[in-house]
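Worksheet: the structure to be examined is printed underneath.
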Amino acid sequence: MTAILAHGGELTGPHDLWSSWSWDPLVLAAIVASCWWYHAGVHALWRSAGHGGVVSRARAASFALAIVVIVVALVSPSDAASDALFSVHMTQHVLLTLVAAPLLVVSAPLQVMAWGLPPTLRRAVGRWQGRVRRLLAQPALPGIGLAVFTAVFTLWHLPVLYDAAITNDTVHALEHATMLGSALAFWAPIVQPRRTHQGFGVLLLFISMIASGILSALLVFAPTAWYTHDDTLAWGLTRLQDQQAAGAVMWVLGGTIYVVAGAVAMMRWLHSDEQAARRVEHRRVAPRRVTRARH
């Protein structure tokens with residue numbers, strides 16, 4: 001998703017908030033193009049397989065919801081407010097990495113968008129996607145995705161990198177791009193496990209929640225503000241109070257998302273084990289039935 005490459009306009013205070021939408025043409029073009037391309041793929045699949053075939057309505061709705069979340073994070077006034085308030089900037093990060101990213105993984109945009117291409121190009125893309133899927137199926141990838149996501153998320157909250165992202169549009173775009181990209185790699189084996197056990201997703205979520213909780217605690221309980229660029233007084237907050245609010249956003253909002261995702265992953269794990277037990281029982285019972293039928 002290239003819709004992440006954005007940086008909002010200047011915002012002097014709360015009175016400018018609702019007039020500070022980000023109309024960056026690159027962001028808007030990327031969002032519109034992504035929506036059109038995904039719609040073309042869904043239309044082609046539903047035309048050949050029937051409405052809801054191959055791509056379920058839930059999967060299509062996940063893509064639409066992911067786009068809404070990205071718009072809220074990068075186009076709405078929250079993008080401009082993130083330059084002044086670290087707490088809003090943190091909310092952006094949570095929306096992109098813990099809400100938009102898993103929704104995008106659920107919607108499988110690359111597979112769907114391929115069907116919006118001409119047949120020749122679609123086959124070429126399909127071969128490329130096959131290689132990517134084989135790479136994603138490697139047993140070590142989930143751990144690598146977790147490590148990269150944790151490192152990227154943590155490094156961008158170092159004061160020197162955070163201040164650089166606030167003052168430089170290119171660095172800010174790189175921040176969002178690497179965060180969302182690493183989040184997609186983290187969520188992929190959780191949402192769509194291939195060769196990994198369903199329970200591994202629960203472990204990944206638990207480790208990531210602990211890592212984010214440590215960073216949150218450092219932000220909340222720090223005796224002084226880490227960041228010097230934010231101009232928070234116009235919003236009625238000191239820099240330390242804004243930093244504490246940012247830590248609370250990650251701790252409470254992010255933690256809630258981790259808990260909900262972990263509960264879903266746990267239920268899938270139990271359901272998967274139950275199905276496996278039924279298959280084993282069926283294989284045991286089937287030969288006995290055949291033997292009895294012969295007698």
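Every chain in the structure tokens has a letter given in the order shown (A, B, ...), and although residue numbers restart at 1 in each chain, ligands are simply numbered from 1 in the order shown.
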
Inset, instruction - Using backbone DSSP assignments, extract all alpha helix (DSSP H) residues from stretch 216-276 of chain A; output them as a ChimeraX atom specification. - result: /A:216-221,239-248,255-276

Inset, instruction - Show which residues sit within 7 Å of A:Trp21, as a PyMOL selection string. Count only C-alpha atoms, and ignore same-chain residues fewer than 5 positions away. - result: chain A and resi 75-77

Spatial neighbours of stretch 89-97 of chain A, 6 Å, only C-alpha atoms, chain gap at least 2 places, as a PDB file with N, CA and C atoms, in the first residue's frame:
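Once written, out_11.pdb looks like this:
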ATOM      1  N   ALA A  73      -6.103   7.792   9.608  1.00  0.00           N
ATOM      2  CA  ALA A  73      -4.745   8.001  10.114  1.00  0.00           C
ATOM      3  C   ALA A  73      -3.965   9.031   9.311  1.00  0.00           C
ATOM      4  N   SER A  82      -0.840  15.122  14.501  1.00  0.00           N
ATOM      5  CA  SER A  82       0.260  14.262  14.931  1.00  0.00           C
ATOM      6  C   SER A  82       1.592  14.998  14.934  1.00  0.00           C
ATOM      7  N   PHE A  86       2.428  14.049  20.334  1.00  0.00           N
ATOM      8  CA  PHE A  86       2.976  12.703  20.259  1.00  0.00           C
ATOM      9  C   PHE A  86       1.893  11.662  20.497  1.00  0.00           C
ATOM     10  N   SER A  87       0.920  11.989  21.339  1.00  0.00           N
ATOM     11  CA  SER A  87      -0.168  11.051  21.618  1.00  0.00           C
ATOM     12  C   SER A  87      -0.984  10.753  20.366  1.00  0.00           C
ATOM     13  N   VAL A  99      -4.401  -2.166  13.355  1.00  0.00           N
ATOM     14  CA  VAL A  99      -5.765  -2.211  12.821  1.00  0.00           C
ATOM     15  C   VAL A  99      -5.737  -2.383  11.302  1.00  0.00           C
ATOM     16  N   ALA A 100      -5.123  -1.433  10.594  1.00  0.00           N
ATOM     17  CA  ALA A 100      -5.105  -1.509   9.129  1.00  0.00           C
ATOM     18  C   ALA A 100      -4.337  -2.732   8.634  1.00  0.00           C
ATOM     19  N   ALA A 101      -3.190  -3.017   9.238  1.00  0.00           N
ATOM     20  CA  ALA A 101      -2.354  -4.128   8.760  1.00  0.00           C
ATOM     21  C   ALA A 101      -3.067  -5.477   8.811  1.00  0.00           C
ATOM     22  N   LEU A 180       4.123   0.035   8.516  1.00  0.00           N
ATOM     23  CA  LEU A 180       3.042  -0.757   7.934  1.00  0.00           C
ATOM     24  C   LEU A 180       3.582  -2.005   7.253  1.00  0.00           C
ATOM     25  N   ALA A 183       4.556  -4.483   9.854  1.00  0.00           N
ATOM     26  CA  ALA A 183       3.338  -4.982  10.505  1.00  0.00           C
ATOM     27  C   ALA A 183       2.648  -6.028   9.644  1.00  0.00           C
ATOM     28  N   ALA A 246       0.625   9.320  25.196  1.00  0.00           N
ATOM     29  CA  ALA A 246       1.026   8.442  24.093  1.00  0.00           C
ATOM     30  C   ALA A 246       1.298   7.030  24.596  1.00  0.00           C
TER      31      ALA A 246
END

Inset, instruction - Go through A:Met266, A:Ala165, A:Val152, A:Leu219 and flag the residue nearest A:Phe206, using only C-alpha atoms for the distances. - result: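 Counting only C-alpha atoms, the residue closest to A:Phe206 is A:Met266.
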
Legend entry - Surrounding residues of stretch 197-203 of chain A excluding itself and chain neighbours under 6 positions, 6 Å, only C-alpha atoms, as number ranges by chain: A: 190, 262, 265, 269

Legend entry - Nearby residues (only C-alpha atoms) at most 12 Å from A:Val71, same-chain spacing under 3 positions excluded, as a list in words: Ala3, Ile4, Leu5, Ala6, Gly8, Trp21, Ser22, Trp23, Asp24, Val27, Leu28, Ala30, Ile31, Val32, Ala64, Leu65, Ala66, Ile67, Val68, Leu74, Val75, Ser76, Pro77, Ser78, Asp79, Gln92, Leu95, Leu96 and Ala100 of chain A

Selection file, C-alpha atoms, as a CSV table (one decimal), in the first residue's frame:
chain,number,residue,atom,x,y,z
A,3,ALA,CA,-1.1,5.2,0.6
A,4,ILE,CA,1.2,5.4,3.6
A,5,LEU,CA,3.4,8.0,2.0
A,6,ALA,CA,1.9,11.1,3.5
A,8,GLY,CA,-0.3,16.4,6.8
A,21,TRP,CA,-7.3,17.7,6.3
A,22,SER,CA,-4.4,16.3,4.3
A,23,TRP,CA,-5.1,16.5,0.6
A,24,ASP,CA,-1.7,15.2,-0.5
A,27,VAL,CA,-1.8,9.8,-0.9
A,28,LEU,CA,-5.2,10.4,-2.5
A,30,ALA,CA,-2.8,5.8,-4.1
A,31,ILE,CA,-6.0,5.3,-2.1
A,32,VAL,CA,-8.2,5.8,-5.1
A,64,ALA,CA,-12.8,-1.4,2.7
A,65,LEU,CA,-12.4,-1.0,6.5
A,66,ALA,CA,-8.6,-1.0,6.2
A,67,ILE,CA,-8.9,1.9,3.7
A,68,VAL,CA,-11.1,3.8,6.1
A,74,LEU,CA,-3.2,9.8,7.1
A,75,VAL,CA,-5.9,12.1,5.5
A,76,SER,CA,-8.1,13.2,8.4
A,77,PRO,CA,-7.0,16.1,10.7
A,78,SER,CA,-5.3,13.5,12.9
A,79,ASP,CA,-2.4,13.6,10.5
A,92,GLN,CA,-1.5,6.9,14.0
A,95,LEU,CA,-4.1,2.4,13.7
A,96,LEU,CA,-1.6,1.6,10.9
A,100,ALA,CA,-5.1,-1.5,9.1

Inset, instruction - Work out how far apart atom CA of A:Asp231 and atom CA of A:Ala217 are and give it in Å to one decimal. - result: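 One can read the atom CA of A:Asp231 to atom CA of A:Ala217 distance as 22.7 Å.
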
Inset, instruction - Please provide the set of residues having any atom within 6 Å of stretch 238-242 of chain A, restricted to only C-alpha atoms, with same-chain residues fewer than 2 positions apart removed, written as number ranges by chain. - result: A: 87, 225, 232-233, 244-245

Inset, instruction - Pick out the residues sitting within 9 Å of A:Leu117, and hand them over as a list in words; count only C-alpha atoms, and ignore anything fewer than 4 positions along from it in its own chain. - result: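 Residues meeting the cut-off are Trp37, Ala40, Gly41, Met113, Leu121, Arg122 and Val125 of chain A.
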
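Relative to atom CA of A:Ala188, atom CA of A:Trp115 is found at 20.8 Å.
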
Legend entry - Straight-line distance linking atom CA of A:Arg57 with atom CA of A:Leu184, stated in Å to one decimal: 21.3 Å

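Considering only C-alpha atoms, the residue among A:Gln192, A:Thr120, A:Thr256, A:Ser208 positioned nearest to A:Val105 is A:Gln192.
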